[in-house]
Each structure stands twice: as structure tokens, then as C-alpha cells.
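K.L.:
Here you go, input.cif (mmCIF, C-alpha atoms):
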data_entry
#
loop_
_atom_site.label_atom_id
_atom_site.label_comp_id
_atom_site.auth_asym_id
_atom_site.auth_seq_id
_atom_site.Cartn_x
_atom_site.Cartn_y
_atom_site.Cartn_z
CA MET A 202 15.61 -1.57 14.97
CA SER A 203 15.09 -3.04 18.39
CA LYS A 204 14.31 -6.51 19.66
CA GLU A 205 10.84 -7.36 18.31
CA ASN A 206 10.11 -10.81 19.68
CA GLY A 207 10.16 -10.55 23.46
CA ALA A 208 9.32 -14.25 23.86
CA GLY A 209 8.88 -15.06 27.55
CA ASP A 210 8.73 -11.39 28.53
CA PRO A 211 5.68 -10.03 30.35
CA THR A 212 2.86 -8.42 28.39
CA TRP A 213 2.10 -4.72 28.68
CA LEU A 214 -0.72 -2.55 27.54
CA ALA A 215 0.31 0.73 25.95
CA HIS A 216 -2.35 3.44 25.83
CA VAL A 217 -1.31 5.73 22.98
CA TYR A 218 -2.97 9.15 22.68
CA VAL A 219 -2.40 10.97 19.38
CA THR A 220 -3.45 14.62 19.15
CA LEU A 221 -3.03 17.33 16.55
CA LYS A 222 -0.39 19.93 17.37
CA THR A 223 -1.83 23.24 18.50
CA VAL A 224 -0.56 25.01 15.36
CA VAL A 225 -2.63 22.61 13.20
CA ASN A 226 -6.17 23.67 12.36
CA ASP A 227 -8.68 21.00 13.48
CA PRO A 228 -11.95 21.40 11.53
CA GLN A 229 -13.35 18.23 13.15
CA GLY A 230 -12.81 19.63 16.63
CA LEU A 231 -14.36 22.95 15.59
CA ALA A 232 -17.45 21.14 14.21
CA ILE A 233 -17.80 19.11 17.42
CA ALA A 234 -17.47 22.26 19.53
CA ASP A 235 -20.20 23.87 17.39
CA GLY A 236 -22.43 20.85 18.07
CA LEU A 237 -21.85 21.08 21.82
CA HIS A 238 -22.66 24.79 21.75
CA THR A 239 -25.87 24.07 19.83
CA MET A 240 -26.77 21.51 22.52
CA GLY A 241 -26.47 24.24 25.11
CA TYR A 242 -23.02 23.56 26.57
CA ALA A 243 -22.14 27.23 26.47
CA GLY A 244 -19.09 26.68 28.69
CA VAL A 245 -17.24 24.61 26.07
CA GLU A 246 -14.21 26.63 25.02
CA ASP A 247 -12.42 24.28 22.65
CA VAL A 248 -12.49 20.70 21.30
CA ARG A 249 -9.56 18.89 19.71
CA ALA A 250 -10.25 15.54 18.01
CA GLY A 251 -7.53 12.91 18.17
CA LYS A 252 -6.91 9.16 18.21
CA TYR A 253 -6.55 6.64 21.00
CA LEU A 254 -4.82 3.30 20.36
CA GLN A 255 -4.23 0.30 22.58
CA VAL A 256 -1.10 -1.72 21.82
CA ARG A 257 -0.51 -5.01 23.65
CA LEU A 258 3.16 -5.89 23.52
CA ARG A 259 5.77 -8.08 25.20
CA ALA A 260 8.80 -6.37 26.72
CA GLY A 261 11.29 -7.07 29.50
CA SER A 262 10.29 -4.09 31.64
CA ALA A 263 7.87 -1.18 31.77
CA ALA A 264 10.69 1.13 30.67
CA GLU A 265 11.40 -1.07 27.64
CA ALA A 266 7.68 -1.18 26.80
CA GLN A 267 7.60 2.63 27.08
CA ARG A 268 10.60 2.96 24.78
CA LEU A 269 9.09 0.59 22.20
CA ALA A 270 5.69 2.33 22.28
CA GLU A 271 7.37 5.70 21.74
CA GLU A 272 9.48 4.31 18.90
CA MET A 273 6.32 2.91 17.26
CA SER A 274 4.60 6.26 17.72
CA ASP A 275 7.49 8.14 16.14
CA ARG A 276 7.68 5.78 13.18
CA LEU A 277 4.02 4.97 12.46
CA LEU A 278 1.30 5.65 15.02
CA ALA A 279 1.74 9.43 14.88
CA ASN A 280 2.90 11.77 12.13
CA THR A 281 5.11 14.10 14.11
CA VAL A 282 4.82 16.78 11.41
CA ILE A 283 1.23 17.39 12.54
CA GLU A 284 0.68 15.30 15.69
CA ASN A 285 1.89 14.86 19.26
CA TYR A 286 1.63 11.59 21.15
CA ARG A 287 1.62 10.37 24.72
CA CYS A 288 2.15 6.73 25.76
CA ILE A 289 1.05 5.32 29.11
CA ILE A 290 2.17 1.78 29.97
CA GLU A 291 0.49 -0.63 32.38
CA PRO A 292 0.83 -4.38 32.98
CA ALA A 293 -1.69 -6.22 30.78
CA SER A 294 -4.19 -8.24 32.77
CA MET B 233 10.93 6.16 -21.36
CA ASN B 234 9.77 3.37 -19.06
CA PHE B 235 7.15 4.36 -16.50
CA GLY B 236 6.24 2.39 -13.39
CA VAL B 237 2.95 2.86 -11.56
CA ILE B 238 2.99 1.63 -7.96
CA VAL B 239 -0.11 -0.36 -6.98
CA PHE B 240 -1.13 -0.65 -3.33
CA PRO B 241 -4.18 -2.50 -2.05
CA GLY B 242 -6.75 0.29 -2.25
CA SER B 243 -5.15 2.26 -5.09
CA ASN B 244 -7.85 3.36 -7.54
CA GLY B 245 -6.02 5.81 -9.78
CA ASP B 246 -3.54 3.16 -10.95
CA HIS B 247 -5.49 2.20 -14.08
CA ASP B 248 -6.15 5.84 -14.94
CA ALA B 249 -2.39 6.42 -14.78
CA LEU B 250 -1.61 3.28 -16.79
CA HIS B 251 -4.13 4.37 -19.45
CA ALA B 252 -2.96 7.99 -19.62
CA ILE B 253 0.72 7.01 -19.89
CA GLY B 254 0.33 3.91 -22.05
CA GLU B 255 -2.53 4.87 -24.37
CA VAL B 256 -2.58 8.67 -24.43
CA LEU B 257 1.10 9.48 -23.95
CA GLY B 258 2.08 6.28 -25.81
CA GLN B 259 4.92 5.30 -23.51
CA PRO B 260 5.86 1.88 -22.12
CA VAL B 261 4.40 1.52 -18.63
CA ARG B 262 3.89 -1.27 -16.14
CA ALA B 263 2.06 -1.71 -12.89
CA ILE B 264 4.37 -2.49 -9.95
CA TRP B 265 2.74 -4.35 -7.07
CA HIS B 266 3.63 -2.93 -3.67
CA ARG B 267 5.14 -6.29 -2.62
CA GLU B 268 7.81 -5.99 -5.30
CA SER B 269 11.15 -4.62 -4.18
CA SER B 270 12.87 -3.53 -7.39
CA LEU B 271 12.44 -0.67 -9.85
CA ASP B 272 15.01 -2.05 -12.32
CA GLY B 273 14.48 -0.61 -15.79
CA ILE B 274 12.09 2.11 -14.61
CA ASP B 275 12.88 5.71 -15.60
CA CYS B 276 9.92 7.45 -13.96
CA VAL B 277 7.81 6.39 -10.97
CA VAL B 278 4.17 7.36 -10.49
CA VAL B 279 2.54 6.87 -7.08
CA PRO B 280 -1.18 6.98 -7.96
CA GLY B 281 -4.32 8.08 -6.23
CA GLY B 282 -6.76 6.03 -4.21
CA PHE B 283 -7.04 4.85 -0.64
CA ALA B 284 -3.95 2.73 -0.04
CA TYR B 285 -4.61 0.39 2.91
CA GLY B 286 -8.00 2.06 3.28
CA ASP B 287 -6.26 5.22 4.55
CA TYR B 288 -6.25 3.43 7.93
CA LEU B 289 -4.53 5.38 10.70
CA ARG B 290 -3.66 8.25 8.30
CA ALA B 291 -3.71 8.53 4.52
CA GLY B 292 -0.49 6.96 3.26
CA ALA B 293 0.79 5.97 6.71
CA ILE B 294 0.84 2.20 6.19
CA ALA B 295 1.55 2.22 2.45
CA ARG B 296 4.77 4.03 3.23
CA PHE B 297 6.15 0.80 4.76
CA SER B 298 5.32 -1.40 1.75
CA PRO B 299 8.37 -3.27 0.41
CA ILE B 300 8.45 -1.26 -2.85
CA MET B 301 8.78 2.02 -0.96
CA GLY B 302 12.41 1.24 -0.06
CA ALA B 303 13.17 1.11 -3.79
CA VAL B 304 11.14 4.29 -4.40
CA GLU B 305 13.17 6.10 -1.72
CA GLN B 306 16.45 4.96 -3.30
CA PHE B 307 15.17 5.94 -6.75
CA ALA B 308 14.20 9.39 -5.49
CA GLN B 309 17.46 9.89 -3.61
CA ALA B 310 19.35 9.01 -6.80
CA GLY B 311 17.51 11.85 -8.58
CA GLY B 312 14.93 9.77 -10.46
CA PRO B 313 11.67 11.56 -11.31
CA VAL B 314 8.80 10.60 -8.98
CA LEU B 315 5.25 11.92 -9.30
CA GLY B 316 2.79 11.49 -6.42
CA ILE B 317 -0.85 12.09 -7.33
CA CYS B 318 -3.47 12.67 -4.61
CA ASN B 319 -3.09 9.64 -2.30
CA GLY B 320 0.36 9.22 -3.87
CA PHE B 321 1.20 12.73 -2.65
CA GLN B 322 0.04 11.70 0.84
CA VAL B 323 2.20 8.54 0.68
CA LEU B 324 5.27 10.59 -0.33
CA THR B 325 4.79 13.02 2.58
CA GLU B 326 4.42 10.09 5.01
CA ALA B 327 7.62 8.62 3.53
CA GLN B 328 9.26 12.02 4.12
CA LEU B 329 10.21 12.27 0.47
CA LEU B 330 8.16 15.48 0.44
CA PRO B 331 7.79 17.94 3.33
CA GLY B 332 4.60 18.75 5.20
CA SER B 333 1.37 16.81 5.42
CA LEU B 334 -2.17 16.69 4.00
CA LEU B 335 -4.97 17.31 6.52
CA ARG B 336 -8.71 16.83 6.40
CA ASN B 337 -10.34 19.36 4.04
CA ALA B 338 -11.32 22.49 5.94
CA ALA B 339 -15.00 21.98 5.12
CA LEU B 340 -14.79 18.32 6.25
CA GLU B 341 -16.24 17.29 2.87
CA PHE B 342 -14.88 14.96 0.22
CA ARG B 343 -14.61 17.17 -2.88
CA SER B 344 -14.81 15.77 -6.41
CA GLN B 345 -14.82 18.49 -9.07
CA TRP B 346 -12.77 20.31 -11.70
CA ILE B 347 -10.57 23.08 -10.37
CA ASP B 348 -7.84 25.43 -11.60
CA VAL B 349 -4.24 25.61 -10.49
CA ARG B 350 -1.60 28.19 -11.35
CA VAL B 351 1.88 27.00 -12.32
CA GLU B 352 4.44 28.61 -10.02
CA ARG B 353 7.66 26.98 -11.23
CA THR B 354 8.73 25.02 -14.29
CA ASP B 355 12.09 23.68 -13.08
CA THR B 356 10.95 20.17 -12.19
CA PRO B 357 10.72 17.08 -14.43
CA PHE B 358 6.91 17.38 -14.48
CA THR B 359 6.62 21.05 -15.39
CA THR B 360 9.16 21.60 -18.19
CA ASP B 361 6.42 21.92 -20.85
CA LEU B 362 4.50 24.49 -18.75
CA SER B 363 4.89 28.25 -18.30
CA VAL B 364 5.00 30.18 -15.03
CA GLY B 365 1.57 31.72 -14.45
CA GLU B 366 -0.18 29.24 -16.76
CA VAL B 367 -3.54 28.04 -15.43
CA LEU B 368 -4.30 24.31 -15.65
CA HIS B 369 -7.84 22.93 -15.46
CA LEU B 370 -7.73 19.59 -13.62
CA PRO B 371 -10.01 17.26 -11.67
CA ILE B 372 -9.64 16.68 -7.95
CA ALA B 373 -11.21 14.00 -5.73
CA HIS B 374 -10.11 13.98 -2.13
CA GLY B 375 -11.17 14.37 1.48
CA GLU B 376 -7.72 15.04 2.92
CA GLY B 377 -5.93 17.56 0.74
CA SER B 378 -5.44 20.55 2.99
CA TYR B 379 -1.72 21.17 2.77
CA PHE B 380 0.06 21.90 6.04
CA ALA B 381 3.66 22.58 6.96
CA ALA B 382 5.00 24.15 10.15
CA PRO B 383 5.63 27.91 9.76
CA ASP B 384 9.42 27.60 9.40
CA GLU B 385 9.07 24.73 6.92
CA LEU B 386 6.48 26.67 4.92
CA ALA B 387 8.76 29.71 4.77
CA ARG B 388 11.59 27.50 3.57
CA LEU B 389 9.40 25.96 0.84
CA GLU B 390 8.39 29.39 -0.42
CA ALA B 391 11.96 30.74 -0.27
CA ASN B 392 13.30 27.71 -2.18
CA GLY B 393 10.59 27.88 -4.84
CA GLN B 394 9.29 24.42 -3.92
CA VAL B 395 5.63 25.41 -4.31
CA ILE B 396 4.79 24.25 -7.83
CA PHE B 397 1.00 24.61 -8.11
CA ARG B 398 -1.53 26.83 -6.28
CA TYR B 399 -5.32 26.69 -6.35
CA CYS B 400 -6.67 29.70 -8.22
CA ASN B 401 -9.63 31.00 -10.19
CA PRO B 402 -9.77 30.62 -14.00
CA GLN B 403 -7.94 33.96 -14.31
CA GLY B 404 -5.05 32.66 -12.20
CA GLU B 405 -5.85 34.73 -9.12
CA THR B 406 -5.56 33.04 -5.71
CA THR B 407 -8.81 34.08 -4.04
CA ASP B 408 -10.07 32.51 -0.82
CA ALA B 409 -13.07 31.06 -2.68
CA ASP B 410 -10.75 28.91 -4.81
CA ASN B 411 -8.83 27.47 -1.87
CA PHE B 412 -11.60 24.91 -1.43
CA ASN B 413 -9.72 22.54 0.92
CA GLY B 414 -8.07 25.14 3.16
CA SER B 415 -4.46 24.52 2.09
CA LEU B 416 -1.85 26.88 3.51
CA ASN B 417 -0.82 29.46 0.87
CA HIS B 418 -3.26 27.79 -1.62
CA ILE B 419 -0.72 24.98 -2.09
CA ALA B 420 -1.88 22.28 -4.54
CA GLY B 421 1.52 20.80 -5.36
CA ILE B 422 5.13 20.93 -4.19
CA CYS B 423 8.52 19.42 -4.94
CA ASN B 424 11.39 18.25 -2.74
CA ALA B 425 14.62 20.19 -2.29
CA GLY B 426 16.20 18.16 -5.10
CA ARG B 427 13.22 19.10 -7.34
CA ASN B 428 12.91 15.54 -8.77
CA VAL B 429 10.00 14.47 -6.53
CA VAL B 430 6.69 16.25 -7.17
CA GLY B 431 3.38 15.72 -5.36
CA LEU B 432 0.02 17.27 -6.19
CA MET B 433 -3.57 16.74 -5.12
CA PRO B 434 -5.19 17.23 -8.58
CA HIS B 435 -5.28 14.29 -11.00
CA PRO B 436 -3.33 15.00 -14.23
CA GLU B 437 -3.96 11.42 -15.40
CA ARG B 438 -7.75 11.95 -15.22
CA GLY B 439 -7.48 15.23 -17.10
CA ALA B 440 -5.36 14.00 -20.01
CA GLU B 441 -7.97 13.72 -22.78
CA ALA B 442 -10.36 16.37 -24.17
CA LEU B 443 -13.03 13.65 -24.39
CA LEU B 444 -12.95 13.35 -20.59
CA GLY B 445 -13.27 17.07 -19.95
CA GLY B 446 -9.79 18.44 -20.47
CA ASP B 447 -6.23 17.52 -21.41
CA ASP B 448 -4.12 19.94 -19.36
CA GLY B 449 -2.95 16.99 -17.29
CA LEU B 450 -1.19 15.54 -20.30
CA LYS B 451 1.21 18.50 -20.24
CA ILE B 452 2.38 17.40 -16.79
CA LEU B 453 2.92 13.80 -17.88
CA ARG B 454 4.52 14.83 -21.18
CA SER B 455 6.90 17.22 -19.43
CA VAL B 456 8.94 14.35 -18.04
CA LEU B 457 9.70 13.22 -21.63
CA SER B 458 10.95 16.70 -22.54
CA PHE B 459 12.92 16.79 -19.31
CA ALA B 460 14.57 13.44 -20.05
CA GLY B 461 15.21 14.45 -23.67
CA ALA B 462 16.91 17.65 -22.61
CA ARG B 463 19.22 15.77 -20.30
CA VAL B 464 20.45 13.29 -22.95
#
Please re-express this file's structure in C-alpha cells.
P.N.:
Amino acid sequence: MSKENGAGDPTWLAHVYVTLKTVVNDPQGLAIADGLHTMGYAGVEDVRAGKYLQVRLRAGSAAEAQRLAEEMSDRLLANTVIENYRCIIEPAS
Amino acid sequence: MNFGVIVFPGSNGDHDALHAIGEVLGQPVRAIWHRESSLDGIDCVVVPGGFAYGDYLRAGAIARFSPIMGAVEQFAQAGGPVLGICNGFQVLTEAQLLPGSLLRNAALEFRSQWIDVRVERTDTPFTTDLSVGEVLHLPIAHGEGSYFAAPDELARLEANGQVIFRYCNPQGETTDADNFNGSLNHIAGICNAGRNVVGLMPHPERGAEALLGGDDGLKILRSVLSFAGARV
């Protein structure tokens, strides 16, 4: 377990994108794609539904914030049996 | 045999389990609040159905970090019998006590109905009173019960005989029409490699009395008594 307090450290905003792995069937995405086709968007080839989370956290550096966000994703935010994740860090305003 | 039923905020099958074990099976049972950290004196753990923590993020994802789950993991690793029912099955997969995961039903609908499952194996604590090929009539009630495991994991489960129940028709045949939630290989229930942890989407505790529509579920709950008796 890593340092969890970060008192005095700068605040970062982690954008966490969680998506189903390509081998996992996504009935939600299929239903949304059907809806778009019905609306006339004939060019839509595929839709995958996922989750987007914003995590505000204190950390000593962007790299540390990145590491923490990925650790959180591995342990809770994503289920790596079925999902992939991507974390993008920026300074919180 | 002392049973413990784990209670999370949002559990709703806990009282069904307490009733089926305490009143129908006639065994000592107590509710264990998720904030507790000990399973002292418990011989069999039931993780019940419901919507622990509102199923926020993913079904079972947050419940898995409740204080009691550390004790459940130790209990399971020591070989103690653990039964995960519906949401309890989801919690056990999130806790990695069982492989794979439960996805949104293929039809995107919550399904509440009576279904049939075929018994594939009897060498777990919860299937000793059953026969291979036997068909059990049980209720289900879930929106996220579509069993998934990566291809290599699925092959390993099948090779190791860890698939315990499959959705089937009343004759025991696994037709596509009976795989109502889209589970891979019709999987309704599995066990871990050690065979002491079993998870299933159907509700044996809600199908334990003829008055309530069927008592096949009682055979699952009663099996653990036979299993324990045989080990003494």
C-alpha cells in the first residue's frame, strides 16, 4: 500500500476511462448502435459502452499521481478480468 | 453446524438465507454485519443476494473491500465452505475467490423467474446430496448474471470440472433458449480450484420450501451437512 495522505502535495485530476475488453460481449453498446442506425447514422460501425471517472487526488508529482490512479484502477475502479482502463493526469485547477 | 450469513448494506437475500437455514434446515445461523472482522465459530459462510452498496461501480466491487471480506478470504483459503448466491457470487468473483465475472444479461433485462439447472459435478460441499445430470428447479432474480471468463480461463474451468451448474430445459438439455442471460457455456454456477467455494446465480434459499414453489434449493443447503458429516 502506498502513501495515502499526500498532505501539502499538489492536487491532480485523474481522468479514468474504463472500457470492456474486446473479447467481452457488450449488449449495451450493441443496443446503442442499433439506436443510432435507426436514427439514420448508417456509417456507425460499432459502439462500446464504458465508464468515465474523475478522481481528484494529492500527490507529489504527475508521475506519482499516474501511478496511484493506475493502482486504484487495478484494485477497484476497473475489473481487469473484463475491463481495460486508461488514466490521464492533469493539474487540478 | 454453525452458519454465518454476511450482511452488506443493500443485501436483500440475507433474511431468506437466515430463514431457509434456521427454520427450514433447522441449523444454528447468525447474521454477520459487514463491519465485523471475525468468523470465529462459523463452519459455513453464505454470501447472500441483493445489491450490496447499490451495485455502484460494478456489482460486488465495493462490498469486496468490506472488513468482513478479509476473514471470508482467510476462511476460504483454509478450506472452509463458502456459498455465494447471486450478488454473493458477484462479490466472490470481485474478491477473486472465484474466477471470471458476471456481465449484464445479454437481453439487458432484469430477469425474475423460475429456471432449471443441470448438476454437472457433485464433489463440492454444496452438491454432495445431488446426482450428476439431476435437474434442479430454482428461482433467479438478476440483471447481471451473464457468466464470462477469458477463453483460456474458461477452458481451464471446464478441464478441471469447476462448472457445477448449467442452465438447461426441464429435460436437462442445454438449448440456447434456456441460456436466458447469455452465460458462456450455459454456466449458472462454478467452484474454485479448491472446490470449497461455490457461486451460483439461482437462489437455493428462495427455492427451499414446496409452499414457495419448490424445494430443490434445500438439497444444496443440506448437502453441506452431509459433506461435514462425511468428513468427521
K.L.:
Find the distance between atom CA of Gly282 of chain B and atom CA of His251 of chain B and write it in Å to one decimal.
P.N.:
15.6 Å
K.L.:
At a cut-off of 8 Å, list the chain B residues touching chain A, using only C-alpha atoms, as a PyMOL selection string.
P.N.:
chain B and resi 289+293-294+326+332-333+336-340+380-382
K.L.:
Please save C-alpha atoms of the selected residues as a tab-separated table (two decimals), in the frame of the given file.
P.N.:
chain	number	residue	atom	x	y	z
B	289	LEU	CA	-4.53	5.38	10.70
B	293	ALA	CA	0.79	5.97	6.71
B	294	ILE	CA	0.84	2.20	6.19
B	326	GLU	CA	4.42	10.09	5.01
B	332	GLY	CA	4.60	18.75	5.20
B	333	SER	CA	1.37	16.81	5.42
B	336	ARG	CA	-8.71	16.83	6.40
B	337	ASN	CA	-10.34	19.36	4.04
B	338	ALA	CA	-11.32	22.49	5.94
B	339	ALA	CA	-15.00	21.98	5.12
B	340	LEU	CA	-14.79	18.32	6.25
B	380	PHE	CA	0.06	21.90	6.04
B	381	ALA	CA	3.66	22.58	6.96
B	382	ALA	CA	5.00	24.15	10.15
K.L.:
Taking the file as shown, what set of residues would the PyMOL selection byres ((chain B and resi 456) around 10) give back, as a list of chain:residue names?
P.N.:
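Residues picked by the PyMOL selection byres ((chain B and resi 456) around 10): B:Met233, B:Asp275, B:Cys276, B:Pro313, B:Val314, B:Leu315, B:Thr356, B:Pro357, B:Phe358, B:Thr359, B:Thr360, B:Asp361, B:Lys451, B:Ile452, B:Leu453, B:Arg454, B:Ser455, B:Leu457, B:Ser458, B:Phe459, B:Ala460, B:Gly461, B:Ala462.
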K.L.:
So the first atom is atom CA of Cys423 of chain B and the second is atom CA of Cys318 of chain B; what is the distance between them in Å, to one decimal place?
P.N.:
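Computed distance, atom CA of Cys423 of chain B to atom CA of Cys318 of chain B, equals 13.8 Å.
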K.L.:
Which polymer residues have any atom within 9 Å of an atom of segment 427-433 of chain B, counting all atoms listed in the file, with same-chain residues fewer than 6 positions away left out, as number ranges by chain?
P.N.:
B: 281, 308-309, 311-322, 324-325, 329-330, 355-358, 372-374, 377, 394, 396-397, 419-421
K.L.:
Running the PyMOL selection byres ((chain A and resi 218) around 8) on this model by hand, what would come out? Give it as a compact mmCIF listing (two decimals) with C-alpha atoms, in the coordinates of the input.
P.N.:
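The resulting out-v3.txt:
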# COMPACT_ATOMS: atom_id res chain seq x y z
CA HIS A 216 -2.35 3.44 25.83
CA VAL A 217 -1.31 5.73 22.98
CA VAL A 219 -2.40 10.97 19.38
CA THR A 220 -3.45 14.62 19.15
CA GLY A 251 -7.53 12.91 18.17
CA LYS A 252 -6.91 9.16 18.21
CA TYR A 253 -6.55 6.64 21.00
CA LEU A 254 -4.82 3.30 20.36
CA TYR A 286 1.63 11.59 21.15
CA ARG A 287 1.62 10.37 24.72
CA CYS A 288 2.15 6.73 25.76
K.L.:
Compile the contact shell of Gly236 of chain A as a PyMOL selection string: residues with an atom at most 12 Å away, counting all atoms listed in the file, same-chain residues fewer than 5 positions apart removed.
P.N.:
chain A and resi 229-231+241-243+245+247-248
K.L.:
Could you name the residues that touch Ala263 of chain A at 8 Å or less, counting all atoms listed in the file, but leaving out those on the same chain fewer than 5 positions away, as a PDB file with C-alpha atoms, keeping the file's coordinate frame?
P.N.:
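This is the output file selection.pdb:
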ATOM      1  CA  TRP A 213       2.100  -4.720  28.680  1.00  0.00           C
ATOM      2  CA  ILE A 290       2.170   1.780  29.970  1.00  0.00           C
ATOM      3  CA  GLU A 291       0.490  -0.630  32.380  1.00  0.00           C
ATOM      4  CA  PRO A 292       0.830  -4.380  32.980  1.00  0.00           C
TER       5      PRO A 292
END
K.L.:
Excluding Gly261 of chain A and residues on its chain fewer than 2 positions from it, collect all residues at most 9 Å away from it, counting all atoms listed in the file, and give them as a ChimeraX atom specification.
P.N.:
/A:207,209-212,259,263-266
K.L.:
Need a file for segment 209-223 of chain A from that block: N, CA and C atoms, written as a PDB file, in the first residue's frame.
P.N.:
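Saved as decode12.pdb:
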ATOM      1  N   GLY A 209      -0.068  18.564   1.770  1.00  0.00           N
ATOM      2  CA  GLY A 209       0.868  19.564   1.270  1.00  0.00           C
ATOM      3  C   GLY A 209       1.255  19.365  -0.179  1.00  0.00           C
ATOM      4  N   ASP A 210       0.968  18.188  -0.721  1.00  0.00           N
ATOM      5  CA  ASP A 210       1.286  17.925  -2.128  1.00  0.00           C
ATOM      6  C   ASP A 210       0.266  18.617  -3.032  1.00  0.00           C
ATOM      7  N   PRO A 211       0.631  18.874  -4.278  1.00  0.00           N
ATOM      8  CA  PRO A 211      -0.326  19.477  -5.209  1.00  0.00           C
ATOM      9  C   PRO A 211      -1.470  18.511  -5.538  1.00  0.00           C
ATOM     10  N   THR A 212      -2.572  19.105  -5.999  1.00  0.00           N
ATOM     11  CA  THR A 212      -3.749  18.305  -6.344  1.00  0.00           C
ATOM     12  C   THR A 212      -3.785  18.066  -7.840  1.00  0.00           C
ATOM     13  N   TRP A 213      -4.144  16.854  -8.214  1.00  0.00           N
ATOM     14  CA  TRP A 213      -4.217  16.439  -9.610  1.00  0.00           C
ATOM     15  C   TRP A 213      -5.622  15.945  -9.917  1.00  0.00           C
ATOM     16  N   LEU A 214      -5.941  16.011 -11.187  1.00  0.00           N
ATOM     17  CA  LEU A 214      -7.203  15.437 -11.630  1.00  0.00           C
ATOM     18  C   LEU A 214      -6.883  14.261 -12.543  1.00  0.00           C
ATOM     19  N   ALA A 215      -7.345  13.078 -12.113  1.00  0.00           N
ATOM     20  CA  ALA A 215      -7.153  11.884 -12.940  1.00  0.00           C
ATOM     21  C   ALA A 215      -8.443  11.615 -13.708  1.00  0.00           C
ATOM     22  N   HIS A 216      -8.328  11.576 -15.029  1.00  0.00           N
ATOM     23  CA  HIS A 216      -9.449  11.146 -15.871  1.00  0.00           C
ATOM     24  C   HIS A 216      -9.265   9.651 -16.103  1.00  0.00           C
ATOM     25  N   VAL A 217     -10.205   8.862 -15.624  1.00  0.00           N
ATOM     26  CA  VAL A 217     -10.065   7.404 -15.741  1.00  0.00           C
ATOM     27  C   VAL A 217     -11.149   6.878 -16.686  1.00  0.00           C
ATOM     28  N   TYR A 218     -10.698   6.272 -17.774  1.00  0.00           N
ATOM     29  CA  TYR A 218     -11.611   5.689 -18.765  1.00  0.00           C
ATOM     30  C   TYR A 218     -11.586   4.172 -18.617  1.00  0.00           C
ATOM     31  N   VAL A 219     -12.767   3.596 -18.367  1.00  0.00           N
ATOM     32  CA  VAL A 219     -12.868   2.137 -18.194  1.00  0.00           C
ATOM     33  C   VAL A 219     -13.708   1.590 -19.336  1.00  0.00           C
ATOM     34  N   THR A 220     -13.146   0.653 -20.085  1.00  0.00           N
ATOM     35  CA  THR A 220     -13.857   0.077 -21.234  1.00  0.00           C
ATOM     36  C   THR A 220     -13.816  -1.447 -21.162  1.00  0.00           C
ATOM     37  N   LEU A 221     -14.831  -2.062 -21.722  1.00  0.00           N
ATOM     38  CA  LEU A 221     -14.856  -3.526 -21.772  1.00  0.00           C
ATOM     39  C   LEU A 221     -13.788  -4.015 -22.738  1.00  0.00           C
ATOM     40  N   LYS A 222     -13.140  -5.113 -22.392  1.00  0.00           N
ATOM     41  CA  LYS A 222     -12.178  -5.720 -23.309  1.00  0.00           C
ATOM     42  C   LYS A 222     -12.898  -6.149 -24.588  1.00  0.00           C
ATOM     43  N   THR A 223     -12.136  -6.200 -25.671  1.00  0.00           N
ATOM     44  CA  THR A 223     -12.774  -6.510 -26.958  1.00  0.00           C
ATOM     45  C   THR A 223     -13.352  -7.921 -26.985  1.00  0.00           C
TER      46      THR A 223
END
